[in-house]
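Asks: Before I ask anything, let me first share the structure, which is written out below as structure tokens.
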Amino acid sequence: MISFTKYRVIIVSITALVVLVTLAASYHLLDFPNVSLGRQHPPPPPPPPLPSNHHPPHRPPHKAPEEPPTTPEKLQEQEKPQQKEEKMTPEQQHAFIEEQRKKPHLPHPDELYSLKRVRKVPEKVTSTIFMFRGDFSSDLYDLFAIQKRATRYCDKDTTVDGCDVKLAKNYKWGTLSEKLFDSLELMCKAPEKTDFYVKIDDDLIMPESKLEDAMRTMAATDCQVAGGIAVDYGFYWAVGQIYIFKRAVLEKICPQLPVTNIFHSSEDISFGSLLNTTDKSMFCNLHKPENHWHKKYKDRRVEIKYYIQHNERR
């Protein structure tokens with residue numbers, strides 16, 4: 001016969017076991033799917049079936065954020081001047097130019113021959129020299145070697161001889177910027193490119209040897225555009241009697257052609273507007289009269305002077 005003490009021990013043991021099982025189930029230590037601890041809510045009803053003609057909404061594919069430009073080509077794309085779709089009126093153009101001229105003048109670039117050589121001076125470079133020929137030009141267009149060597153761009157209906165390329169339009173003094181851009185566009189499409197491009201006036205006086213030496217020296221420096229560098233338009237530009245620029249400059253200009261809004265009637269200022277930069281290291285001065293002269297030259301034996309200037313006959 002079991003004593004009262006043994007009954008008490010059995011009852012206490014059973015009670016302790018029930019407590020332990022309850023605690024274990026509440027802490028998910030044991031898996032009792034049929035044991036209910038506390039009040040449970042009934043499961044939510046299933047969603048109604050979709051109609052047969054239901055189509056899920058279109059969600060565009062995830063697009064990764066664009067990365068900032070890291071290559072020189074992408075950076076150059078960002079630096080391009082934005083061309084307006086509508087052409088400015090003469091009044092708007094004049095106001096815009098005057099606003100540009102109010103900007104503080106830029107510091108003058110260094111002279112070509114004072115620049116540090118960052119690479120070896122090449123023995124020879126390739127170049128494309130070009131000039132505009134028109135009714136204002138002298139009949140002695142090939143008097144000097146540098147003009148004889150140049151590719152001469154003429155108007156569509158010109159009657160003068162000595163034309164290498166006849167453009168598709170006629171121009172006048174106030175549209176020389178357009179003539180320059182049309183000429184550059186042909187150079188961009190040329191199958192072969194040269195190391196340098198040189199725009200000269202028909203009244204430039206410069207020995208060919210001086211030009212060759214300037215280009216070879218320029219090739220050894222970081223200068224990209226050489227000439228008489230002006231600083232008065234909020235960007236650098238080279239005076240039109242002569243400016244020399246490297247192939248990389250032409251390649252930067254080509255995607256901008258044809259130009260919708262021409263910045264200025266003067267082709268040299270408009271050329272500078274395409275580059276649209278204040279980076280002084282890109283430019284270097286080619287001083288005169290050390291290596292070239294414009295309109296006139298005189299020494300102890302020779303005197304040369306152009307009496308009628310092309311901008312006097314419009």
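Chain labels follow the order of the structure tokens: the first chain is A, the next B, and so on; residue numbering restarts at 1 in every chain, and ligands are counted from 1 in their shown order.
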Can you tell me, as a VMD selection string, what residues are no more than 7 Å from stretch 158-172 of chain A when counting only C-alpha atoms, ignoring any on the same chain fewer than 6 positions away?

Replies: chain A and resid 134 to 135 151 to 152 179 314

Asks: At what distance in Å, to one decimal, does atom CA of A:Trp237 lie from atom CA of A:Ile269?

Replies: 5.9 Å

Asks: Go through A:Leu143, A:Cys154, A:Met282, A:Leu180 and flag the residue nearest A:Ser270, using only C-alpha atoms for the distances.

Replies: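 Ranked by minimum distance to A:Ser270, first place goes to A:Leu180.
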
Asks: Taking the chain letters and numbering used in this document, name the residues of stretch 68-270 of chain A that DSSP puts in helix (DSSP H, G or I), as a PyMOL selection string.

Replies: chain A and resi 72-79+90-101+112-114+145-149+173-189+208-219+247-256+267-270

Asks: Could you name the residues that touch stretch 266-268 of chain A at 9 Å or less, counting only C-alpha atoms, but leaving out those on the same chain fewer than 4 positions away, as a PyMOL selection string?

Replies: chain A and resi 173-181+237-241+243+272-273

Asks: Give me the residues near stretch 198-204 of chain A as a VMD selection string, where near means some atom within 7 Å (using only C-alpha atoms) and where sequence neighbours in that chain fewer than 4 positions away do not count.

Replies: chain A and resid 128 to 131 137 147 240 to 245 293 to 295 306

Asks: The selected residues should be written to file as an mmCIF file, in the first residue's frame (atoms: N, CA, C and O atoms).

Replies:
data_model
loop_
_atom_site.group_PDB
_atom_site.id
_atom_site.type_symbol
_atom_site.label_atom_id
_atom_site.label_comp_id
_atom_site.auth_asym_id
_atom_site.auth_seq_id
_atom_site.Cartn_x
_atom_site.Cartn_y
_atom_site.Cartn_z
ATOM 1 N N THR A 128 47.848 69.819 -92.280
ATOM 2 C CA THR A 128 46.905 70.305 -93.274
ATOM 3 C C THR A 128 46.817 71.814 -93.121
ATOM 4 O O THR A 128 46.328 72.308 -92.098
ATOM 5 N N ILE A 129 47.323 72.529 -94.109
ATOM 6 C CA ILE A 129 47.233 73.985 -94.110
ATOM 7 C C ILE A 129 46.064 74.368 -95.008
ATOM 8 O O ILE A 129 45.898 73.819 -96.095
ATOM 9 N N PHE A 130 45.235 75.289 -94.548
ATOM 10 C CA PHE A 130 44.094 75.693 -95.372
ATOM 11 C C PHE A 130 43.864 77.196 -95.265
ATOM 12 O O PHE A 130 44.231 77.837 -94.277
ATOM 13 N N MET A 131 43.299 77.755 -96.325
ATOM 14 C CA MET A 131 43.009 79.185 -96.388
ATOM 15 C C MET A 131 41.765 79.399 -97.239
ATOM 16 O O MET A 131 41.343 78.506 -97.978
ATOM 17 N N SER A 137 41.092 88.118 -103.035
ATOM 18 C CA SER A 137 42.458 87.604 -102.994
ATOM 19 C C SER A 137 43.292 88.172 -104.144
ATOM 20 O O SER A 137 42.778 88.503 -105.215
ATOM 21 N N GLN A 147 51.380 79.708 -98.772
ATOM 22 C CA GLN A 147 50.088 79.783 -99.445
ATOM 23 C C GLN A 147 49.997 78.761 -100.582
ATOM 24 O O GLN A 147 48.932 78.199 -100.835
ATOM 25 N N GLY A 240 42.770 85.262 -86.323
ATOM 26 C CA GLY A 240 42.627 84.497 -87.552
ATOM 27 C C GLY A 240 43.752 84.536 -88.553
ATOM 28 O O GLY A 240 43.742 83.765 -89.503
ATOM 29 N N GLN A 241 44.732 85.429 -88.404
ATOM 30 C CA GLN A 241 45.818 85.463 -89.397
ATOM 31 C C GLN A 241 46.543 84.123 -89.476
ATOM 32 O O GLN A 241 46.927 83.684 -90.551
ATOM 33 N N ILE A 242 46.683 83.453 -88.331
ATOM 34 C CA ILE A 242 47.178 82.079 -88.291
ATOM 35 C C ILE A 242 46.807 81.451 -86.955
ATOM 36 O O ILE A 242 46.989 82.079 -85.905
ATOM 37 N N TYR A 243 46.247 80.268 -87.002
ATOM 38 C CA TYR A 243 46.155 79.468 -85.775
ATOM 39 C C TYR A 243 46.420 78.010 -86.126
ATOM 40 O O TYR A 243 45.959 77.491 -87.133
ATOM 41 N N ILE A 244 47.216 77.419 -85.269
ATOM 42 C CA ILE A 244 47.665 76.036 -85.442
ATOM 43 C C ILE A 244 46.995 75.207 -84.351
ATOM 44 O O ILE A 244 47.043 75.573 -83.177
ATOM 45 N N PHE A 245 46.371 74.109 -84.725
ATOM 46 C CA PHE A 245 45.764 73.257 -83.706
ATOM 47 C C PHE A 245 46.029 71.793 -84.019
ATOM 48 O O PHE A 245 46.174 71.401 -85.179
ATOM 49 N N TRP A 293 54.492 87.553 -89.993
ATOM 50 C CA TRP A 293 54.052 88.938 -90.150
ATOM 51 C C TRP A 293 52.677 88.931 -90.805
ATOM 52 O O TRP A 293 52.315 87.998 -91.517
ATOM 53 N N HIS A 294 51.930 90.001 -90.572
ATOM 54 C CA HIS A 294 50.581 90.074 -91.121
ATOM 55 C C HIS A 294 50.416 91.384 -91.903
ATOM 56 O O HIS A 294 50.701 92.462 -91.372
ATOM 57 N N LYS A 295 50.026 91.268 -93.140
ATOM 58 C CA LYS A 295 49.724 92.381 -94.026
ATOM 59 C C LYS A 295 50.973 93.096 -94.566
ATOM 60 O O LYS A 295 50.953 93.551 -95.710
ATOM 61 N N TYR A 306 50.093 94.575 -98.276
ATOM 62 C CA TYR A 306 48.794 94.340 -98.891
ATOM 63 C C TYR A 306 47.972 95.629 -98.731
ATOM 64 O O TYR A 306 47.661 96.047 -97.614
#

Asks: When you count only C-alpha atoms, which of these residues is closest to A:Asp222: A:Phe196, A:Pro107, A:Asp182, A:Lys246?

Replies: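 Result for the nearest residue to A:Asp222: A:Lys246.
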
Asks: Can you work out the spacing between atom CA of A:Val302 and atom CA of A:Ala214 in Å, to one decimal?

Replies: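 Spanning atom CA of A:Val302 to atom CA of A:Ala214 is a straight-line distance of 23.8 Å.
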
Asks: If you measure from atom CA of A:Asp279 to atom CA of A:Val118, what distance in Å do you get, rounded to one decimal?

Replies: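 Computed distance, atom CA of A:Asp279 to atom CA of A:Val118, equals 17.9 Å.
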
Asks: Taking 5 positions as the minimum chain separation for residues in the same chain, which residues sit within 10 Å of A:Pro104 when counting only C-alpha atoms? Answer as a VMD selection string.

Replies: chain A and resid 231 to 234

Asks: Show me, as a PyMOL selection string, the residues that have an atom within 12 Å of A:Glu123 when counting only C-alpha atoms, minus same-chain residues fewer than 5 positions from it.

Replies: chain A and resi 212-213+215-217+219-220

Asks: Store the residues of this selection in a file with N, CA, C and O atoms, as a short mmCIF file (atom, residue, chain, number, x, y, z; two decimals), in the first residue's frame.

Replies:
data_model
loop_
_atom_site.label_atom_id
_atom_site.label_comp_id
_atom_site.auth_asym_id
_atom_site.auth_seq_id
_atom_site.Cartn_x
_atom_site.Cartn_y
_atom_site.Cartn_z
N GLU A 212 57.14 75.05 -89.95
CA GLU A 212 57.54 73.67 -89.63
C GLU A 212 58.18 73.61 -88.25
O GLU A 212 57.89 72.70 -87.46
N ASP A 213 59.02 74.56 -87.93
CA ASP A 213 59.68 74.57 -86.62
C ASP A 213 58.66 74.79 -85.50
O ASP A 213 58.75 74.17 -84.43
N MET A 215 55.47 73.89 -85.50
CA MET A 215 54.69 72.67 -85.30
C MET A 215 55.50 71.59 -84.59
O MET A 215 54.98 70.89 -83.72
N ARG A 216 56.76 71.44 -84.95
CA ARG A 216 57.60 70.43 -84.30
C ARG A 216 57.79 70.76 -82.83
O ARG A 216 57.74 69.88 -81.96
N THR A 217 57.99 72.04 -82.53
CA THR A 217 58.13 72.47 -81.13
C THR A 217 56.83 72.24 -80.37
O THR A 217 56.82 71.76 -79.23
N ALA A 219 54.58 70.04 -80.95
CA ALA A 219 54.36 68.60 -80.76
C ALA A 219 55.02 68.10 -79.49
O ALA A 219 54.59 67.09 -78.92
N ALA A 220 56.07 68.77 -79.05
CA ALA A 220 56.80 68.35 -77.84
C ALA A 220 56.21 68.94 -76.58
O ALA A 220 56.70 68.68 -75.48
#

Asks: Calculated over only C-alpha atoms, which of the candidates A:Arg133, A:Ala230, A:Val121, A:Glu192 has the smallest distance to A:Thr278?

Replies: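 Answer, going by the shortest atom-to-atom distance: A:Ala230.
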